[in-house]
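Enquirer: Structure file model_9.txt, compact mmCIF, C-alpha atoms and all ligand atoms, is pasted below:
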# COMPACT_ATOMS: atom_id res chain seq x y z
CA MET H 1 85.18 86.72 66.14
CA LEU H 2 83.64 86.29 62.69
CA LEU H 3 81.33 83.28 62.46
CA THR H 4 83.38 81.69 59.67
CA GLU H 5 86.51 81.84 61.87
CA ARG H 6 84.60 80.20 64.68
CA LEU H 7 83.24 77.47 62.39
CA HIS H 8 86.64 76.68 60.89
CA LYS H 9 88.26 76.45 64.31
CA ALA H 10 85.49 74.36 65.90
CA CYS H 11 85.38 71.89 62.99
CA GLU H 12 89.10 71.58 62.39
CA PRO H 13 89.16 67.89 63.46
CA VAL H 14 86.29 67.04 61.07
CA TRP H 15 87.95 68.91 58.20
CA LYS H 16 91.26 67.20 58.91
CA LYS H 17 89.57 63.79 58.55
CA ILE H 18 87.93 64.90 55.30
CA LEU H 19 91.20 66.12 53.77
CA GLU H 20 93.07 62.99 54.82
CA HIS H 21 90.47 60.70 53.28
CA PRO H 22 92.03 57.98 51.08
CA PHE H 23 89.54 58.76 48.30
CA LEU H 24 91.11 62.23 47.91
CA LYS H 25 94.65 60.98 48.39
CA GLU H 26 94.30 58.25 45.75
CA LEU H 27 92.48 60.60 43.41
CA GLY H 28 95.37 63.06 43.71
CA GLN H 29 98.03 60.36 43.29
CA GLY H 30 96.25 58.76 40.34
CA THR H 31 95.71 55.38 42.03
CA LEU H 32 91.98 55.54 42.74
CA PRO H 33 90.16 52.62 41.09
CA GLN H 34 87.85 53.91 38.38
CA SER H 35 84.90 51.98 39.85
CA LYS H 36 85.15 54.20 42.94
CA PHE H 37 85.24 57.38 40.90
CA ASP H 38 82.26 56.17 38.86
CA PHE H 39 80.33 55.45 42.04
CA TRP H 40 81.11 58.92 43.36
CA ALA H 41 80.09 60.53 40.03
CA GLN H 42 76.76 58.69 40.01
CA GLN H 43 75.97 59.70 43.57
CA ASP H 44 77.21 63.26 43.22
CA TYR H 45 75.01 63.71 40.15
CA ILE H 46 72.03 62.82 42.34
CA PHE H 47 73.36 65.07 45.09
CA VAL H 48 73.67 68.10 42.78
CA LYS H 49 70.24 67.48 41.22
CA GLU H 50 68.67 67.45 44.68
CA ALA H 51 70.84 70.36 45.83
CA LEU H 52 69.03 72.40 43.15
CA ARG H 53 65.88 72.04 45.25
CA PHE H 54 67.76 73.13 48.36
CA PHE H 55 69.04 76.15 46.46
CA SER H 56 65.58 76.97 45.18
CA VAL H 57 64.10 77.01 48.69
CA LEU H 58 66.97 79.22 49.86
CA ILE H 59 66.39 81.61 46.96
CA ALA H 60 62.71 81.82 47.83
CA LYS H 61 63.61 82.68 51.43
CA SER H 62 66.43 85.10 50.56
CA PRO H 63 66.32 88.78 51.35
CA GLU H 64 66.16 90.74 48.12
CA PHE H 65 69.79 91.91 48.23
CA LEU H 66 70.94 88.29 48.00
CA GLN H 67 68.52 86.93 45.43
CA ALA H 68 70.27 88.17 42.30
CA ASN H 69 73.57 86.58 43.33
CA PHE H 70 71.91 83.34 44.25
CA ILE H 71 69.99 83.02 41.01
CA GLN H 72 73.29 83.16 39.13
CA ALA H 73 74.25 79.91 40.84
CA LEU H 74 71.47 77.97 39.09
CA PRO H 75 72.97 77.90 35.55
CA VAL H 76 76.31 76.97 37.15
CA LEU H 77 74.65 73.92 38.70
CA GLN H 78 73.06 73.07 35.36
CA ASN H 79 76.51 73.14 33.73
CA GLU H 80 77.79 70.93 36.48
CA LEU H 81 75.06 68.37 35.79
CA GLN H 82 76.21 68.38 32.16
CA LEU H 83 79.73 67.53 33.30
CA PHE H 84 78.36 64.40 34.96
CA ARG H 85 76.22 63.51 31.93
CA ASP H 86 79.24 63.81 29.61
CA TYR H 87 81.31 61.64 31.91
CA ALA H 88 78.56 59.02 32.13
CA ARG H 89 78.27 58.93 28.34
CA GLU H 90 82.05 58.41 28.01
CA ARG H 91 81.93 55.63 30.58
CA GLY H 92 78.81 54.02 29.20
CA PHE H 93 76.48 54.17 32.18
CA VAL H 94 73.07 55.76 32.51
CA LEU H 95 72.82 58.17 35.43
CA GLU H 96 69.06 58.01 35.60
CA ASP H 97 69.23 54.27 36.35
CA VAL H 98 71.03 54.89 39.63
CA GLU H 99 69.23 55.25 42.94
CA PRO H 100 70.68 57.27 45.80
CA ALA H 101 72.80 55.29 48.23
CA PHE H 102 72.09 55.62 51.94
CA VAL H 103 74.53 58.44 52.68
CA CYS H 104 73.53 60.44 49.61
CA GLN H 105 69.86 60.08 50.49
CA ALA H 106 70.52 61.10 54.11
CA TYR H 107 72.69 64.08 53.17
CA ASN H 108 70.12 65.39 50.69
CA SER H 109 67.38 64.97 53.28
CA PHE H 110 69.49 66.93 55.75
CA LEU H 111 69.87 69.75 53.21
CA LEU H 112 66.14 69.99 52.63
CA ALA H 113 65.36 69.69 56.34
CA SER H 114 67.75 72.60 56.93
CA ALA H 115 66.17 74.70 54.20
CA TYR H 116 62.67 74.19 55.57
CA GLY H 117 63.31 73.73 59.28
CA GLU H 118 66.18 76.07 60.18
CA ASP H 119 66.14 79.83 59.99
CA TYR H 120 67.65 81.45 56.89
CA ALA H 121 71.17 81.93 58.26
CA GLY H 122 71.14 78.36 59.59
CA ALA H 123 70.36 76.96 56.15
CA PHE H 124 72.94 79.34 54.68
CA THR H 125 75.52 77.90 57.11
CA VAL H 126 74.80 74.42 55.74
CA LEU H 127 75.25 75.65 52.17
CA TYR H 128 78.52 77.35 53.10
CA GLY H 129 79.72 74.14 54.79
CA ALA H 130 78.96 71.96 51.77
CA GLU H 131 80.66 74.31 49.30
CA LYS H 132 83.63 74.97 51.56
CA ALA H 133 84.16 71.23 52.04
CA TYR H 134 84.17 70.71 48.27
CA LEU H 135 86.53 73.60 47.66
CA ASP H 136 88.96 72.35 50.30
CA SER H 137 88.67 68.71 49.21
CA TRP H 138 89.33 69.40 45.54
CA LEU H 139 92.14 71.84 46.35
CA GLU H 140 93.71 68.99 48.30
CA VAL H 141 93.38 66.71 45.26
CA LYS H 142 94.90 69.41 43.04
CA ARG H 143 97.77 69.91 45.49
CA GLN H 144 98.67 66.22 45.23
CA LEU H 145 98.46 65.97 41.44
CA SER H 146 101.84 65.63 39.81
CA LYS H 147 100.45 65.49 36.27
CA SER H 148 97.13 66.25 34.67
CA SER H 149 94.33 64.11 36.08
CA PRO H 150 92.00 62.00 33.88
CA TYR H 151 89.31 63.80 35.89
CA GLN H 152 90.75 67.25 35.23
CA LYS H 153 87.37 68.79 34.40
CA PHE H 154 86.07 67.87 37.84
CA VAL H 155 89.24 69.17 39.52
CA GLU H 156 88.86 72.46 37.64
CA ASN H 157 85.16 72.74 38.40
CA TRP H 158 85.67 72.97 42.16
CA THR H 159 89.06 74.70 42.27
CA LYS H 160 88.72 77.42 39.59
CA LYS H 161 88.84 81.05 40.62
CA GLU H 162 85.10 81.61 40.09
CA PHE H 163 84.29 78.81 42.53
CA GLN H 164 86.82 80.11 45.07
CA ASP H 165 85.30 83.61 44.79
CA TYR H 166 81.81 82.18 45.20
CA VAL H 167 82.76 80.30 48.40
CA LYS H 168 84.43 83.44 49.72
CA TRP H 169 81.27 85.39 48.95
CA LEU H 170 79.21 82.79 50.83
CA GLY H 171 81.49 83.12 53.87
CA ASP H 172 81.46 86.94 53.84
CA THR H 173 77.69 86.97 53.43
CA LEU H 174 77.27 84.50 56.29
CA ASN H 175 79.36 86.76 58.51
CA THR H 176 77.19 89.75 57.61
CA LEU H 177 73.98 87.80 58.21
CA THR H 178 75.07 86.57 61.63
CA GLN H 179 76.69 89.67 63.11
CA GLY H 180 75.52 90.31 66.67
CA LEU H 181 73.31 87.21 66.95
CA PRO H 182 73.01 85.61 70.41
CA GLU H 183 75.34 82.80 71.46
CA GLU H 184 72.53 80.25 71.47
CA THR H 185 71.87 80.88 67.77
CA LEU H 186 75.55 80.89 66.83
CA SER H 187 76.13 77.63 68.61
CA ARG H 188 73.25 76.09 66.65
CA TYR H 189 75.00 77.21 63.43
CA GLU H 190 78.24 75.69 64.66
CA TYR H 191 76.41 72.41 65.16
CA LEU H 192 74.88 72.58 61.66
CA TYR H 193 78.30 73.25 60.16
CA LYS H 194 79.73 70.26 62.00
CA LEU H 195 76.91 68.02 60.78
CA THR H 196 77.56 69.20 57.23
CA GLY H 197 81.24 68.35 57.59
CA ARG H 198 80.35 64.91 58.93
CA TYR H 199 78.15 64.23 55.92
CA GLU H 200 80.92 65.42 53.63
CA TYR H 201 83.29 62.94 55.23
CA LEU H 202 80.69 60.19 54.89
CA PHE H 203 80.17 61.00 51.22
CA TRP H 204 83.84 60.25 50.39
CA GLU H 205 83.69 57.20 52.63
CA MET H 206 80.58 55.95 50.85
CA ALA H 207 82.24 56.28 47.45
CA TYR H 208 85.50 54.73 48.62
CA LYS H 209 83.71 51.69 50.03
CA LEU H 210 81.07 51.55 47.26
CA GLU H 211 78.59 51.62 50.09
CA SER H 212 74.92 51.26 49.32
CA TRP H 213 71.85 50.02 51.15
CA PRO H 214 72.48 46.74 53.00
CA VAL H 215 69.00 45.50 52.18
C1 LIG S 1 79.12 69.62 46.69
C2 LIG S 1 78.85 68.49 45.89
C3 LIG S 1 79.32 70.99 46.12
N1 LIG S 1 78.75 68.59 44.54
N2 LIG S 1 78.72 67.27 46.47
C4 LIG S 1 78.85 67.14 47.79
C5 LIG S 1 78.69 65.81 48.41
N3 LIG S 1 79.11 68.20 48.57
C6 LIG S 1 79.24 69.42 48.04
O1 LIG S 1 78.14 71.52 45.66
P1 LIG S 1 78.05 72.16 44.18
O2 LIG S 1 76.67 72.64 44.12
O3 LIG S 1 78.37 71.03 43.25
O4 LIG S 1 79.08 73.24 44.12
Have the structure of the file written as structure tokens, please.
Ligand code: MP5

Expert:
Amino acid sequence: MLLTERLHKACEPVWKKILEHPFLKELGQGTLPQSKFDFWAQQDYIFVKEALRFFSVLIAKSPEFLQANFIQALPVLQNELQLFRDYARERGFVLEDVEPAFVCQAYNSFLLASAYGEDYAGAFTVLYGAEKAYLDSWLEVKRQLSKSSPYQKFVENWTKKEFQDYVKWLGDTLNTLTQGLPEETLSRYEYLYKLTGRYEYLFWEMAYKLESWPV
């Protein structure tokens, strides 16, 4: 069985909870309070900025045949940061004034710990999990939209064909990287994928509940 098939099957219950999250449902149905979207945007801006570091470590560790493809992702992330900056300007808040909430901080730390502490394919599994969760989440939002969303640019960003192709490329590459590895290693990757899914769930939950540090 391909690793991606195994991951999807093993983490079906986690993914189901992600896709049923009220943040996504209300976003799709146009009833999500703007304060919750703003909170998400502020935290996701921090997430993407920090994810650039995660990416950079992965690029440094990449075998040569993957480096060129990976480097192309960096300007895409820069464009994404601009999307958040434009939104913040429209809404009148300053992104740099915001500190990471607990879940955002923890998720970013997990990404970096994976990049430095896991082997290459393990860290790659985490990247695949994070991107796959965003693709699936935003496709779910798009599926529920009955008219154009006020957040259309965000919907497009994570559902457009280029992003879908990129996530497919990540999955195919992961399968190539992990062919023939021992069960012990594959089960570690399954665990990392599950953890990534759990963080993804928590990220929507954090935004929905405007959850920050209790003290
Ligand atoms: C992504 C993201 C997707 N922006 N935020 C979270 C919490 N998970 C995944 O990553 P990218 O780099 O924006 O495609």

Enquirer: Residues within 12 Å of H:Phe110, please, as a PyMOL selection string. Count all atoms listed in the file; anything in the same chain fewer than 2 positions from it doesn't count.

Expert: chain H and resi 47+50-51+54+103-108+112-118+123+126-127+130+192-193+195-200

Enquirer: Within 10 Å of ligand LIG 1 (chain S), counting all atoms listed in the file, which protein or nucleic acid residues do you find, written as a PyMOL selection string?

Expert: chain H and resi 40-41+43-52+54-55+73-74+76-81+103-104+107-108+127-135+137+154+157-158+163+166-167+196-197+199-204

Enquirer: With distances taken over only C-alpha atoms, which of H:Leu181, H:Phe39, H:Gln164, H:Leu174 is nearest to H:Leu95?

Expert: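 Looking at the shortest contact to H:Leu95, the residue is H:Phe39.
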
Enquirer: Report, in Å to a single decimal, how far apart atom CA of H:Leu145 and atom CA of H:Leu27 are.

Expert: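 Rounded to one decimal, the two atoms are 8.3 Å apart.
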
Enquirer: Could you tell me, as a PyMOL selection string, which residues have any atom at most 12 Å from (89.5, 57.0, 40.8), counting all atoms listed in the file?

Expert: chain H and resi 22-41+141+149-152+154+204+207-208+210

Enquirer: Looking at all atoms listed in the file, which of H:Pro100, H:Gly180, H:Gly171, H:Pro214 is the one that sits closest to H:Glu5?

Expert: H:Gly171

Enquirer: Just how far from atom CA of H:Gln42 is atom CA of H:Trp138, in Å to one decimal?

Expert: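 Computing the Euclidean distance for atom CA of H:Trp138 and atom CA of H:Gln42 yields 17.4 Å.
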
Enquirer: What is the atom CA of H:Thr125 to atom CA of H:Tyr189 distance in Å?

Expert: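 Spanning atom CA of H:Thr125 to atom CA of H:Tyr189 is a straight-line distance of 6.4 Å.
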
Enquirer: Choose the residue, out of H:Asp172, H:Glu12, H:Asp136, H:Glu183, that has the smallest atom-to-atom separation from H:Thr159; count only C-alpha atoms.

Expert: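 Under the stated criterion, the closest residue is H:Asp136.
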
Enquirer: Could you tell me which of H:Leu7, H:Leu186, H:Val155, H:Leu170 comes closest to H:Leu66 if we count all atoms listed in the file?

Expert: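 Closest candidate: H:Leu170.
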